[in-house]
$ cat data.pdb   # PDB, N, CA and C atoms
ATOM      1  N   ALA A  15      -8.483   1.337  24.434
ATOM      2  CA  ALA A  15      -9.056   1.225  23.103
ATOM      3  C   ALA A  15      -7.992   1.525  22.053
ATOM      4  N   ASP A  16      -8.094   0.839  20.936
ATOM      5  CA  ASP A  16      -7.191   1.080  19.817
ATOM      6  C   ASP A  16      -7.754   2.201  18.950
ATOM      7  N   THR A  17      -6.877   2.840  18.198
ATOM      8  CA  THR A  17      -7.297   3.890  17.283
ATOM      9  C   THR A  17      -6.890   3.494  15.871
ATOM     10  N   PHE A  18      -7.836   3.630  14.947
ATOM     11  CA  PHE A  18      -7.597   3.295  13.553
ATOM     12  C   PHE A  18      -7.983   4.481  12.674
ATOM     13  N   TYR A  19      -7.261   4.630  11.594
ATOM     14  CA  TYR A  19      -7.577   5.661  10.609
ATOM     15  C   TYR A  19      -8.170   4.995   9.375
ATOM     16  N   ILE A  20      -9.251   5.568   8.885
ATOM     17  CA  ILE A  20      -9.859   5.112   7.633
ATOM     18  C   ILE A  20      -9.485   6.142   6.579
ATOM     19  N   LEU A  21      -8.852   5.694   5.515
ATOM     20  CA  LEU A  21      -8.408   6.573   4.433
ATOM     21  C   LEU A  21      -9.093   6.120   3.145
ATOM     22  N   PRO A  22     -10.355   6.493   2.950
ATOM     23  CA  PRO A  22     -11.127   5.887   1.860
ATOM     24  C   PRO A  22     -10.884   6.433   0.462
ATOM     25  N   TRP A  23     -10.230   7.568   0.331
ATOM     26  CA  TRP A  23      -9.962   8.159  -0.978
ATOM     27  C   TRP A  23     -11.251   8.366  -1.771
ATOM     28  N   ILE A  24     -12.196   9.043  -1.156
ATOM     29  CA  ILE A  24     -13.465   9.391  -1.807
ATOM     30  C   ILE A  24     -13.711  10.879  -1.597
ATOM     31  N   GLY A  25     -14.724  11.409  -2.248
ATOM     32  CA  GLY A  25     -15.031  12.827  -2.160
ATOM     33  C   GLY A  25     -15.716  13.227  -0.854
ATOM     34  N   SER A  26     -16.008  14.500  -0.738
ATOM     35  CA  SER A  26     -16.591  15.050   0.487
ATOM     36  C   SER A  26     -17.944  14.443   0.829
ATOM     37  N   LYS A  27     -18.791  14.254  -0.172
ATOM     38  CA  LYS A  27     -20.109  13.669   0.095
ATOM     39  C   LYS A  27     -19.976  12.239   0.608
ATOM     40  N   GLY A  28     -19.098  11.482  -0.002
ATOM     41  CA  GLY A  28     -18.860  10.117   0.448
ATOM     42  C   GLY A  28     -18.300  10.077   1.860
ATOM     43  N   MET A  29     -17.402  11.009   2.171
ATOM     44  CA  MET A  29     -16.833  11.069   3.524
ATOM     45  C   MET A  29     -17.910  11.386   4.554
ATOM     46  N   ARG A  30     -18.767  12.362   4.246
ATOM     47  CA  ARG A  30     -19.857  12.692   5.184
ATOM     48  C   ARG A  30     -20.779  11.491   5.379
ATOM     49  N   THR A  31     -21.050  10.780   4.300
ATOM     50  CA  THR A  31     -21.924   9.611   4.378
ATOM     51  C   THR A  31     -21.268   8.517   5.217
ATOM     52  N   LEU A  32     -19.998   8.268   4.996
ATOM     53  CA  LEU A  32     -19.274   7.260   5.765
ATOM     54  C   LEU A  32     -19.242   7.621   7.249
ATOM     55  N   GLU A  33     -18.994   8.878   7.540
ATOM     56  CA  GLU A  33     -18.971   9.322   8.938
ATOM     57  C   GLU A  33     -20.329   9.121   9.597
ATOM     58  N   ARG A  34     -21.385   9.410   8.867
ATOM     59  CA  ARG A  34     -22.747   9.229   9.391
ATOM     60  C   ARG A  34     -23.056   7.753   9.608
ATOM     61  N   ILE A  35     -22.599   6.886   8.715
ATOM     62  CA  ILE A  35     -22.794   5.441   8.897
ATOM     63  C   ILE A  35     -22.101   4.990  10.182
ATOM     64  N   LEU A  36     -20.893   5.472  10.374
ATOM     65  CA  LEU A  36     -20.166   5.107  11.597
ATOM     66  C   LEU A  36     -20.902   5.580  12.846
ATOM     67  N   ARG A  37     -21.374   6.822  12.820
ATOM     68  CA  ARG A  37     -22.044   7.389  13.999
ATOM     69  C   ARG A  37     -23.454   6.833  14.221
ATOM     70  N   MET A  38     -24.236   6.769  13.168
ATOM     71  CA  MET A  38     -25.659   6.451  13.307
ATOM     72  C   MET A  38     -25.948   4.948  13.253
ATOM     73  N   ARG A  39     -25.090   4.175  12.616
ATOM     74  CA  ARG A  39     -25.350   2.744  12.447
ATOM     75  C   ARG A  39     -24.403   1.856  13.246
ATOM     76  N   LEU A  40     -23.119   2.188  13.234
ATOM     77  CA  LEU A  40     -22.132   1.264  13.778
ATOM     78  C   LEU A  40     -21.605   1.620  15.163
ATOM     79  N   ALA A  41     -21.758   2.853  15.595
ATOM     80  CA  ALA A  41     -21.196   3.273  16.885
ATOM     81  C   ALA A  41     -21.699   2.413  18.026
ATOM     82  N   ASN A  42     -22.998   2.214  18.132
ATOM     83  CA  ASN A  42     -23.548   1.393  19.206
ATOM     84  C   ASN A  42     -23.346  -0.088  18.937
ATOM     85  N   GLN A  43     -23.567  -0.486  17.705
ATOM     86  CA  GLN A  43     -23.467  -1.901  17.325
ATOM     87  C   GLN A  43     -22.072  -2.467  17.605
ATOM     88  N   MET A  44     -21.034  -1.672  17.315
ATOM     89  CA  MET A  44     -19.659  -2.148  17.483
ATOM     90  C   MET A  44     -18.970  -1.531  18.694
ATOM     91  N   ASN A  45     -19.726  -0.750  19.470
ATOM     92  CA  ASN A  45     -19.182  -0.094  20.658
ATOM     93  C   ASN A  45     -17.968   0.764  20.296
ATOM     94  N   LEU A  46     -18.140   1.585  19.245
ATOM     95  CA  LEU A  46     -17.060   2.460  18.814
ATOM     96  C   LEU A  46     -16.911   3.599  19.807
ATOM     97  N   GLY A  47     -15.686   4.049  19.983
ATOM     98  CA  GLY A  47     -15.414   5.184  20.853
ATOM     99  C   GLY A  47     -15.502   6.474  20.055
ATOM    100  N   LYS A  48     -14.502   7.274  20.182
ATOM    101  CA  LYS A  48     -14.456   8.567  19.505
ATOM    102  C   LYS A  48     -14.337   8.394  17.995
ATOM    103  N   ILE A  49     -15.113   9.208  17.280
ATOM    104  CA  ILE A  49     -15.061   9.248  15.815
ATOM    105  C   ILE A  49     -14.748  10.683  15.433
ATOM    106  N   ALA A  50     -13.641  10.900  14.754
ATOM    107  CA  ALA A  50     -13.238  12.241  14.329
ATOM    108  C   ALA A  50     -12.932  12.198  12.836
ATOM    109  N   MET A  51     -13.213  13.311  12.149
ATOM    110  CA  MET A  51     -13.023  13.326  10.701
ATOM    111  C   MET A  51     -12.307  14.597  10.266
ATOM    112  N   LEU A  52     -11.383  14.449   9.343
ATOM    113  CA  LEU A  52     -10.796  15.566   8.626
ATOM    114  C   LEU A  52     -11.095  15.295   7.158
ATOM    115  N   SER A  53     -12.199  15.858   6.689
ATOM    116  CA  SER A  53     -12.682  15.591   5.335
ATOM    117  C   SER A  53     -11.868  16.369   4.324
ATOM    118  N   PRO A  54     -11.563  15.781   3.220
ATOM    119  CA  PRO A  54     -11.854  14.446   2.717
ATOM    120  C   PRO A  54     -10.678  13.486   2.884
ATOM    121  N   TYR A  55      -9.904  13.640   3.947
ATOM    122  CA  TYR A  55      -8.667  12.869   4.079
ATOM    123  C   TYR A  55      -8.786  11.605   4.923
ATOM    124  N   TRP A  56      -9.302  11.718   6.143
ATOM    125  CA  TRP A  56      -9.347  10.553   7.012
ATOM    126  C   TRP A  56     -10.475  10.650   8.021
ATOM    127  N   ILE A  57     -10.819   9.477   8.548
ATOM    128  CA  ILE A  57     -11.729   9.372   9.686
ATOM    129  C   ILE A  57     -10.996   8.525  10.718
ATOM    130  N   LYS A  58     -10.929   9.044  11.937
ATOM    131  CA  LYS A  58     -10.263   8.331  13.025
ATOM    132  C   LYS A  58     -11.328   7.715  13.917
ATOM    133  N   VAL A  59     -11.180   6.409  14.181
ATOM    134  CA  VAL A  59     -12.158   5.668  14.973
ATOM    135  C   VAL A  59     -11.420   4.927  16.081
ATOM    136  N   SER A  60     -11.944   5.004  17.294
ATOM    137  CA  SER A  60     -11.345   4.235  18.380
ATOM    138  C   SER A  60     -12.339   3.197  18.885
ATOM    139  N   GLY A  61     -11.805   2.117  19.401
ATOM    140  CA  GLY A  61     -12.644   1.057  19.924
ATOM    141  C   GLY A  61     -11.879  -0.248  19.980
ATOM    142  N   ARG A  62     -12.548  -1.277  20.409
ATOM    143  CA  ARG A  62     -11.938  -2.613  20.498
ATOM    144  C   ARG A  62     -12.546  -3.481  19.398
ATOM    145  N   PHE A  63     -11.893  -3.525  18.270
ATOM    146  CA  PHE A  63     -12.352  -4.311  17.122
ATOM    147  C   PHE A  63     -11.172  -4.544  16.204
ATOM    148  N   GLU A  64     -11.315  -5.503  15.348
ATOM    149  CA  GLU A  64     -10.319  -5.751  14.315
ATOM    150  C   GLU A  64     -10.663  -4.874  13.107
ATOM    151  N   PRO A  65      -9.660  -4.301  12.449
ATOM    152  CA  PRO A  65      -9.940  -3.452  11.284
ATOM    153  C   PRO A  65     -10.782  -4.157  10.221
ATOM    154  N   GLU A  66     -10.545  -5.448  10.008
ATOM    155  CA  GLU A  66     -11.299  -6.205   9.006
ATOM    156  C   GLU A  66     -12.778  -6.288   9.390
ATOM    157  N   GLU A  67     -13.034  -6.405  10.690
ATOM    158  CA  GLU A  67     -14.415  -6.463  11.174
ATOM    159  C   GLU A  67     -15.131  -5.139  10.893
ATOM    160  N   LEU A  68     -14.454  -4.014  11.175
ATOM    161  CA  LEU A  68     -15.048  -2.705  10.915
ATOM    162  C   LEU A  68     -15.307  -2.534   9.424
ATOM    163  N   LEU A  69     -14.349  -2.886   8.595
ATOM    164  CA  LEU A  69     -14.518  -2.766   7.147
ATOM    165  C   LEU A  69     -15.692  -3.608   6.662
ATOM    166  N   GLY A  70     -15.821  -4.816   7.174
ATOM    167  CA  GLY A  70     -16.948  -5.672   6.809
ATOM    168  C   GLY A  70     -18.284  -5.074   7.216
ATOM    169  N   GLN A  71     -18.340  -4.466   8.401
ATOM    170  CA  GLN A  71     -19.578  -3.844   8.862
ATOM    171  C   GLN A  71     -19.909  -2.597   8.030
ATOM    172  N   ILE A  72     -18.896  -1.856   7.638
ATOM    173  CA  ILE A  72     -19.122  -0.685   6.775
ATOM    174  C   ILE A  72     -19.699  -1.146   5.434
ATOM    175  N   ARG A  73     -19.085  -2.160   4.839
ATOM    176  CA  ARG A  73     -19.578  -2.689   3.555
ATOM    177  C   ARG A  73     -21.014  -3.182   3.675
ATOM    178  N   SER A  74     -21.286  -3.913   4.727
ATOM    179  CA  SER A  74     -22.631  -4.442   4.949
ATOM    180  C   SER A  74     -23.646  -3.311   5.091
ATOM    181  N   SER A  75     -23.298  -2.286   5.856
ATOM    182  CA  SER A  75     -24.200  -1.145   6.037
ATOM    183  C   SER A  75     -24.456  -0.423   4.721
ATOM    184  N   CYS A  76     -23.411  -0.277   3.919
ATOM    185  CA  CYS A  76     -23.561   0.392   2.620
ATOM    186  C   CYS A  76     -24.497  -0.388   1.703
ATOM    187  N   GLU A  77     -24.383  -1.707   1.721
ATOM    188  CA  GLU A  77     -25.225  -2.540   0.867
ATOM    189  C   GLU A  77     -26.679  -2.534   1.336
ATOM    190  N   GLN A  78     -26.904  -2.438   2.640
ATOM    191  CA  GLN A  78     -28.254  -2.487   3.197
ATOM    192  C   GLN A  78     -28.963  -1.143   3.186
ATOM    193  N   LEU A  79     -28.209  -0.059   3.167
ATOM    194  CA  LEU A  79     -28.796   1.271   3.298
ATOM    195  C   LEU A  79     -29.564   1.648   2.033
ATOM    196  N   GLN A  80     -30.837   1.875   2.180
ATOM    197  CA  GLN A  80     -31.681   2.265   1.055
ATOM    198  C   GLN A  80     -31.937   3.766   1.022
ATOM    199  N   ASP A  81     -32.057   4.368   2.195
ATOM    200  CA  ASP A  81     -32.442   5.770   2.286
ATOM    201  C   ASP A  81     -31.433   6.541   3.125
ATOM    202  N   PRO A  82     -30.665   7.460   2.514
ATOM    203  CA  PRO A  82     -29.685   8.226   3.282
ATOM    204  C   PRO A  82     -30.326   9.069   4.389
ATOM    205  N   LEU A  83     -31.617   9.325   4.275
ATOM    206  CA  LEU A  83     -32.310  10.083   5.315
ATOM    207  C   LEU A  83     -32.272   9.342   6.657
ATOM    208  N   SER A  84     -32.108   8.015   6.611
ATOM    209  CA  SER A  84     -32.025   7.234   7.846
ATOM    210  C   SER A  84     -30.721   7.495   8.603
ATOM    211  N   LEU A  85     -29.772   8.186   7.977
ATOM    212  CA  LEU A  85     -28.511   8.528   8.630
ATOM    213  C   LEU A  85     -28.583   9.852   9.381
ATOM    214  N   ILE A  86     -29.762  10.450   9.382
ATOM    215  CA  ILE A  86     -29.955  11.730  10.052
ATOM    216  C   ILE A  86     -30.944  11.525  11.191
ATOM    217  N   GLY A  87     -30.574  11.991  12.360
ATOM    218  CA  GLY A  87     -31.436  11.840  13.524
ATOM    219  C   GLY A  87     -32.780  12.523  13.332
ATOM    220  N   GLU A  88     -33.817  11.916  13.896
ATOM    221  CA  GLU A  88     -35.186  12.417  13.728
ATOM    222  C   GLU A  88     -35.350  13.867  14.192
ATOM    223  N   HIS A  89     -34.609  14.255  15.206
ATOM    224  CA  HIS A  89     -34.724  15.615  15.749
ATOM    225  C   HIS A  89     -33.490  16.461  15.469
ATOM    226  N   GLU A  90     -32.625  15.952  14.606
ATOM    227  CA  GLU A  90     -31.401  16.673  14.269
ATOM    228  C   GLU A  90     -31.725  17.835  13.334
ATOM    229  N   ILE A  91     -31.147  18.972  13.609
ATOM    230  CA  ILE A  91     -31.361  20.149  12.762
ATOM    231  C   ILE A  91     -30.030  20.496  12.109
ATOM    232  N   LEU A  92     -29.987  20.406  10.796
ATOM    233  CA  LEU A  92     -28.761  20.620  10.037
ATOM    234  C   LEU A  92     -28.873  21.921   9.248
ATOM    235  N   THR A  93     -28.389  22.989   9.808
ATOM    236  CA  THR A  93     -28.432  24.264   9.106
ATOM    237  C   THR A  93     -27.127  24.437   8.343
ATOM    238  N   VAL A  94     -27.265  24.684   7.061
ATOM    239  CA  VAL A  94     -26.112  24.857   6.192
ATOM    240  C   VAL A  94     -26.169  26.220   5.527
ATOM    241  N   GLY A  95     -27.353  26.579   5.037
ATOM    242  CA  GLY A  95     -27.514  27.816   4.282
ATOM    243  C   GLY A  95     -27.919  29.000   5.145
ATOM    244  N   LYS A  96     -27.817  30.153   4.557
ATOM    245  CA  LYS A  96     -28.075  31.426   5.224
ATOM    246  C   LYS A  96     -29.481  31.532   5.807
ATOM    247  N   TYR A  97     -30.471  31.024   5.103
ATOM    248  CA  TYR A  97     -31.858  31.173   5.539
ATOM    249  C   TYR A  97     -32.454  29.878   6.097
ATOM    250  N   ASP A  98     -31.618  28.920   6.397
ATOM    251  CA  ASP A  98     -32.100  27.634   6.889
ATOM    252  C   ASP A  98     -32.893  27.745   8.185
ATOM    253  N   GLU A  99     -32.623  28.751   8.979
ATOM    254  CA  GLU A  99     -33.354  28.891  10.239
ATOM    255  C   GLU A  99     -34.853  29.111  10.013
ATOM    256  N   PHE A 100     -35.241  29.489   8.804
ATOM    257  CA  PHE A 100     -36.639  29.732   8.492
ATOM    258  C   PHE A 100     -37.330  28.540   7.829
ATOM    259  N   VAL A 101     -36.595  27.453   7.640
ATOM    260  CA  VAL A 101     -37.114  26.274   6.957
ATOM    261  C   VAL A 101     -37.447  25.199   7.994
ATOM    262  N   ALA A 102     -38.514  24.470   7.738
ATOM    263  CA  ALA A 102     -38.932  23.405   8.656
ATOM    264  C   ALA A 102     -37.812  22.363   8.791
ATOM    265  N   PRO A 103     -37.548  21.895  10.018
ATOM    266  CA  PRO A 103     -36.477  20.915  10.227
ATOM    267  C   PRO A 103     -36.603  19.660   9.364
ATOM    268  N   SER A 104     -37.817  19.190   9.140
ATOM    269  CA  SER A 104     -37.975  17.988   8.309
ATOM    270  C   SER A 104     -37.500  18.243   6.881
ATOM    271  N   LEU A 105     -37.727  19.430   6.367
ATOM    272  CA  LEU A 105     -37.251  19.771   5.018
ATOM    273  C   LEU A 105     -35.730  19.925   4.996
ATOM    274  N   LEU A 106     -35.166  20.464   6.077
ATOM    275  CA  LEU A 106     -33.710  20.591   6.156
ATOM    276  C   LEU A 106     -33.045  19.217   6.158
ATOM    277  N   ARG A 107     -33.638  18.258   6.878
ATOM    278  CA  ARG A 107     -33.085  16.908   6.899
ATOM    279  C   ARG A 107     -33.139  16.280   5.509
ATOM    280  N   GLN A 108     -34.259  16.465   4.812
ATOM    281  CA  GLN A 108     -34.389  15.918   3.457
ATOM    282  C   GLN A 108     -33.381  16.565   2.508
ATOM    283  N   ALA A 109     -33.230  17.873   2.607
ATOM    284  CA  ALA A 109     -32.287  18.581   1.740
ATOM    285  C   ALA A 109     -30.860  18.129   2.008
ATOM    286  N   TYR A 110     -30.508  17.934   3.275
ATOM    287  CA  TYR A 110     -29.159  17.476   3.624
ATOM    288  C   TYR A 110     -28.913  16.075   3.063
ATOM    289  N   ALA A 111     -29.882  15.198   3.207
ATOM    290  CA  ALA A 111     -29.743  13.834   2.699
ATOM    291  C   ALA A 111     -29.518  13.829   1.187
ATOM    292  N   ILE A 112     -30.183  14.712   0.484
ATOM    293  CA  ILE A 112     -30.065  14.767  -0.976
ATOM    294  C   ILE A 112     -28.805  15.510  -1.416
ATOM    295  N   ASP A 113     -28.519  16.638  -0.773
ATOM    296  CA  ASP A 113     -27.425  17.503  -1.221
ATOM    297  C   ASP A 113     -26.052  17.153  -0.648
ATOM    298  N   ALA A 114     -26.004  16.595   0.566
ATOM    299  CA  ALA A 114     -24.720  16.443   1.248
ATOM    300  C   ALA A 114     -24.248  15.000   1.390
ATOM    301  N   LEU A 115     -25.128  14.029   1.140
ATOM    302  CA  LEU A 115     -24.750  12.627   1.295
ATOM    303  C   LEU A 115     -24.785  11.929  -0.061
ATOM    304  N   ASP A 116     -23.925  10.910  -0.219
ATOM    305  CA  ASP A 116     -23.876  10.201  -1.496
ATOM    306  C   ASP A 116     -23.476   8.748  -1.259
ATOM    307  N   MET A 117     -24.420   7.862  -1.408
ATOM    308  CA  MET A 117     -24.166   6.434  -1.221
ATOM    309  C   MET A 117     -23.356   5.845  -2.367
ATOM    310  N   SER A 118     -23.488   6.383  -3.567
ATOM    311  CA  SER A 118     -22.830   5.773  -4.727
ATOM    312  C   SER A 118     -21.308   5.732  -4.572
ATOM    313  N   GLU A 119     -20.725   6.744  -3.930
ATOM    314  CA  GLU A 119     -19.271   6.743  -3.705
ATOM    315  C   GLU A 119     -18.866   5.599  -2.789
ATOM    316  N   LEU A 120     -19.680   5.312  -1.783
ATOM    317  CA  LEU A 120     -19.343   4.278  -0.814
ATOM    318  C   LEU A 120     -19.472   2.890  -1.410
ATOM    319  N   LEU A 121     -20.380   2.717  -2.340
ATOM    320  CA  LEU A 121     -20.569   1.407  -2.955
ATOM    321  C   LEU A 121     -19.363   1.004  -3.798
ATOM    322  N   LEU A 122     -18.485   1.959  -4.108
ATOM    323  CA  LEU A 122     -17.294   1.683  -4.898
ATOM    324  C   LEU A 122     -16.113   1.247  -4.031
ATOM    325  N   LEU A 123     -16.249   1.374  -2.698
ATOM    326  CA  LEU A 123     -15.154   0.993  -1.807
ATOM    327  C   LEU A 123     -14.906  -0.505  -1.869
ATOM    328  N   ASN A 124     -13.663  -0.878  -1.872
ATOM    329  CA  ASN A 124     -13.289  -2.302  -1.865
ATOM    330  C   ASN A 124     -12.567  -2.651  -0.599
TER     331      ASN A 124
END
$ encode --input "data.pdb" --output "C-alpha cells"
Amino acid sequence: ADTFYILPWIGSKGMRTLERILRMRLANQMNLGKIAMLSPYWIKVSGRFEPEELLGQIRSSCEQLQDPLSLIGEHEILTVGKYDEFVAPSLLRQAYAIDALDMSELLLLN
C-alpha cells in the first residue's frame, strides 16, 4: 500500500472533521488502510488509490454531508470533559458534533 499525507492547512475542528470523514465515510468505500493524524498539521493515509481520487471523494463527502452527527458512531462514547461520565452517551455525541466538528472549514478546501 502507498502512503499519502494530507496537509489541508485548516484548524483543529476542520482536521477532526476531515479525519472522521476518512474513517467513517471513506475507509470502507476506498479500502483505506491506516489513518493517522497529527492535528492540525497532517493526516497520513495508506491504501491503493490515486491522490486525486481521494481528494475527489473527500470533496464529494463534504458537499453531501448534512449532519456532522453522522460522523460519530451510534455506540461511540466521546468523553472530553471532567464530568462527561455522568452524561448520557447520546448527549455526548451531540455535544461533540456541535463543539468539536466544523464542516464550514472543509467546504473551503480546494
$ atom_distance --input "data.pdb" --atom1 "atom N of His89 (chain A)" --atom2 "atom N of Gln43 (chain A)"
18.6 Å
$ resolve_selection --input "data.pdb" --expression "the PyMOL selection byres (((chain A and resi 84 and name CA) around 12) and name CA)" --output "PyMOL selection string"
chain A and resi 31+34-35+37-39+75+78-83+85-90+107-108+110-112+115
$ write_last_selection --input "data.pdb" --atoms "N, CA and C atoms" --output "mmCIF file, keeping the file's coordinate frame"
data_model
loop_
_atom_site.group_PDB
_atom_site.id
_atom_site.type_symbol
_atom_site.label_atom_id
_atom_site.label_comp_id
_atom_site.auth_asym_id
_atom_site.auth_seq_id
_atom_site.Cartn_x
_atom_site.Cartn_y
_atom_site.Cartn_z
ATOM 1 N N THR A 31 -21.050 10.780 4.300
ATOM 2 C CA THR A 31 -21.924 9.611 4.378
ATOM 3 C C THR A 31 -21.268 8.517 5.217
ATOM 4 N N ARG A 34 -21.385 9.410 8.867
ATOM 5 C CA ARG A 34 -22.747 9.229 9.391
ATOM 6 C C ARG A 34 -23.056 7.753 9.608
ATOM 7 N N ILE A 35 -22.599 6.886 8.715
ATOM 8 C CA ILE A 35 -22.794 5.441 8.897
ATOM 9 C C ILE A 35 -22.101 4.990 10.182
ATOM 10 N N ARG A 37 -21.374 6.822 12.820
ATOM 11 C CA ARG A 37 -22.044 7.389 13.999
ATOM 12 C C ARG A 37 -23.454 6.833 14.221
ATOM 13 N N MET A 38 -24.236 6.769 13.168
ATOM 14 C CA MET A 38 -25.659 6.451 13.307
ATOM 15 C C MET A 38 -25.948 4.948 13.253
ATOM 16 N N ARG A 39 -25.090 4.175 12.616
ATOM 17 C CA ARG A 39 -25.350 2.744 12.447
ATOM 18 C C ARG A 39 -24.403 1.856 13.246
ATOM 19 N N SER A 75 -23.298 -2.286 5.856
ATOM 20 C CA SER A 75 -24.200 -1.145 6.037
ATOM 21 C C SER A 75 -24.456 -0.423 4.721
ATOM 22 N N GLN A 78 -26.904 -2.438 2.640
ATOM 23 C CA GLN A 78 -28.254 -2.487 3.197
ATOM 24 C C GLN A 78 -28.963 -1.143 3.186
ATOM 25 N N LEU A 79 -28.209 -0.059 3.167
ATOM 26 C CA LEU A 79 -28.796 1.271 3.298
ATOM 27 C C LEU A 79 -29.564 1.648 2.033
ATOM 28 N N GLN A 80 -30.837 1.875 2.180
ATOM 29 C CA GLN A 80 -31.681 2.265 1.055
ATOM 30 C C GLN A 80 -31.937 3.766 1.022
ATOM 31 N N ASP A 81 -32.057 4.368 2.195
ATOM 32 C CA ASP A 81 -32.442 5.770 2.286
ATOM 33 C C ASP A 81 -31.433 6.541 3.125
ATOM 34 N N PRO A 82 -30.665 7.460 2.514
ATOM 35 C CA PRO A 82 -29.685 8.226 3.282
ATOM 36 C C PRO A 82 -30.326 9.069 4.389
ATOM 37 N N LEU A 83 -31.617 9.325 4.275
ATOM 38 C CA LEU A 83 -32.310 10.083 5.315
ATOM 39 C C LEU A 83 -32.272 9.342 6.657
ATOM 40 N N LEU A 85 -29.772 8.186 7.977
ATOM 41 C CA LEU A 85 -28.511 8.528 8.630
ATOM 42 C C LEU A 85 -28.583 9.852 9.381
ATOM 43 N N ILE A 86 -29.762 10.450 9.382
ATOM 44 C CA ILE A 86 -29.955 11.730 10.052
ATOM 45 C C ILE A 86 -30.944 11.525 11.191
ATOM 46 N N GLY A 87 -30.574 11.991 12.360
ATOM 47 C CA GLY A 87 -31.436 11.840 13.524
ATOM 48 C C GLY A 87 -32.780 12.523 13.332
ATOM 49 N N GLU A 88 -33.817 11.916 13.896
ATOM 50 C CA GLU A 88 -35.186 12.417 13.728
ATOM 51 C C GLU A 88 -35.350 13.867 14.192
ATOM 52 N N HIS A 89 -34.609 14.255 15.206
ATOM 53 C CA HIS A 89 -34.724 15.615 15.749
ATOM 54 C C HIS A 89 -33.490 16.461 15.469
ATOM 55 N N GLU A 90 -32.625 15.952 14.606
ATOM 56 C CA GLU A 90 -31.401 16.673 14.269
ATOM 57 C C GLU A 90 -31.725 17.835 13.334
ATOM 58 N N ARG A 107 -33.638 18.258 6.878
ATOM 59 C CA ARG A 107 -33.085 16.908 6.899
ATOM 60 C C ARG A 107 -33.139 16.280 5.509
ATOM 61 N N GLN A 108 -34.259 16.465 4.812
ATOM 62 C CA GLN A 108 -34.389 15.918 3.457
ATOM 63 C C GLN A 108 -33.381 16.565 2.508
ATOM 64 N N TYR A 110 -30.508 17.934 3.275
ATOM 65 C CA TYR A 110 -29.159 17.476 3.624
ATOM 66 C C TYR A 110 -28.913 16.075 3.063
ATOM 67 N N ALA A 111 -29.882 15.198 3.207
ATOM 68 C CA ALA A 111 -29.743 13.834 2.699
ATOM 69 C C ALA A 111 -29.518 13.829 1.187
ATOM 70 N N ILE A 112 -30.183 14.712 0.484
ATOM 71 C CA ILE A 112 -30.065 14.767 -0.976
ATOM 72 C C ILE A 112 -28.805 15.510 -1.416
ATOM 73 N N LEU A 115 -25.128 14.029 1.140
ATOM 74 C CA LEU A 115 -24.750 12.627 1.295
ATOM 75 C C LEU A 115 -24.785 11.929 -0.061
#
$ resolve_selection --input "data.pdb" --expression "the PyMOL selection byres (((chain A and resi 55 and name CA) around 12) and name CA)" --output "VMD selection string"
chain A and resid 19 to 26 28 to 30 33 50 to 54 56 to 58
$ write_last_selection --input "data.pdb" --atoms "N, CA and C atoms" --output "tab-separated table (two decimals), keeping the file's coordinate frame"
chain	number	residue	atom	x	y	z
A	19	TYR	N	-7.26	4.63	11.59
A	19	TYR	CA	-7.58	5.66	10.61
A	19	TYR	C	-8.17	5.00	9.38
A	20	ILE	N	-9.25	5.57	8.88
A	20	ILE	CA	-9.86	5.11	7.63
A	20	ILE	C	-9.48	6.14	6.58
A	21	LEU	N	-8.85	5.69	5.52
A	21	LEU	CA	-8.41	6.57	4.43
A	21	LEU	C	-9.09	6.12	3.14
A	22	PRO	N	-10.36	6.49	2.95
A	22	PRO	CA	-11.13	5.89	1.86
A	22	PRO	C	-10.88	6.43	0.46
A	23	TRP	N	-10.23	7.57	0.33
A	23	TRP	CA	-9.96	8.16	-0.98
A	23	TRP	C	-11.25	8.37	-1.77
A	24	ILE	N	-12.20	9.04	-1.16
A	24	ILE	CA	-13.46	9.39	-1.81
A	24	ILE	C	-13.71	10.88	-1.60
A	25	GLY	N	-14.72	11.41	-2.25
A	25	GLY	CA	-15.03	12.83	-2.16
A	25	GLY	C	-15.72	13.23	-0.85
A	26	SER	N	-16.01	14.50	-0.74
A	26	SER	CA	-16.59	15.05	0.49
A	26	SER	C	-17.94	14.44	0.83
A	28	GLY	N	-19.10	11.48	0.00
A	28	GLY	CA	-18.86	10.12	0.45
A	28	GLY	C	-18.30	10.08	1.86
A	29	MET	N	-17.40	11.01	2.17
A	29	MET	CA	-16.83	11.07	3.52
A	29	MET	C	-17.91	11.39	4.55
A	30	ARG	N	-18.77	12.36	4.25
A	30	ARG	CA	-19.86	12.69	5.18
A	30	ARG	C	-20.78	11.49	5.38
A	33	GLU	N	-18.99	8.88	7.54
A	33	GLU	CA	-18.97	9.32	8.94
A	33	GLU	C	-20.33	9.12	9.60
A	50	ALA	N	-13.64	10.90	14.75
A	50	ALA	CA	-13.24	12.24	14.33
A	50	ALA	C	-12.93	12.20	12.84
A	51	MET	N	-13.21	13.31	12.15
A	51	MET	CA	-13.02	13.33	10.70
A	51	MET	C	-12.31	14.60	10.27
A	52	LEU	N	-11.38	14.45	9.34
A	52	LEU	CA	-10.80	15.57	8.63
A	52	LEU	C	-11.10	15.30	7.16
A	53	SER	N	-12.20	15.86	6.69
A	53	SER	CA	-12.68	15.59	5.34
A	53	SER	C	-11.87	16.37	4.32
A	54	PRO	N	-11.56	15.78	3.22
A	54	PRO	CA	-11.85	14.45	2.72
A	54	PRO	C	-10.68	13.49	2.88
A	56	TRP	N	-9.30	11.72	6.14
A	56	TRP	CA	-9.35	10.55	7.01
A	56	TRP	C	-10.48	10.65	8.02
A	57	ILE	N	-10.82	9.48	8.55
A	57	ILE	CA	-11.73	9.37	9.69
A	57	ILE	C	-11.00	8.52	10.72
A	58	LYS	N	-10.93	9.04	11.94
A	58	LYS	CA	-10.26	8.33	13.02
A	58	LYS	C	-11.33	7.72	13.92
$ resolve_selection --input "data.pdb" --expression "the PyMOL selection byres (((chain A and resi 61-63 and name CA) around 9) and name CA)" --output "PyMOL selection string"
chain A and resi 15-18+44-48+59-60+64-68
$ select_by_dssp --input "data.pdb" --residues "region 20-102 of chain A" --states "helix (DSSP H, G or I)" --output "ChimeraX atom specification"
/A:26-43,65-78,82-85,98-100
$ atom_distance --input "data.pdb" --atom1 "atom C of Glu119 (chain A)" --atom2 "atom C of Arg73 (chain A)"
11.1 Å
$ atom_distance --input "data.pdb" --atom1 "CA of Ser118 (chain A)" --atom2 "atom C of Gly70 (chain A)"
16.8 Å
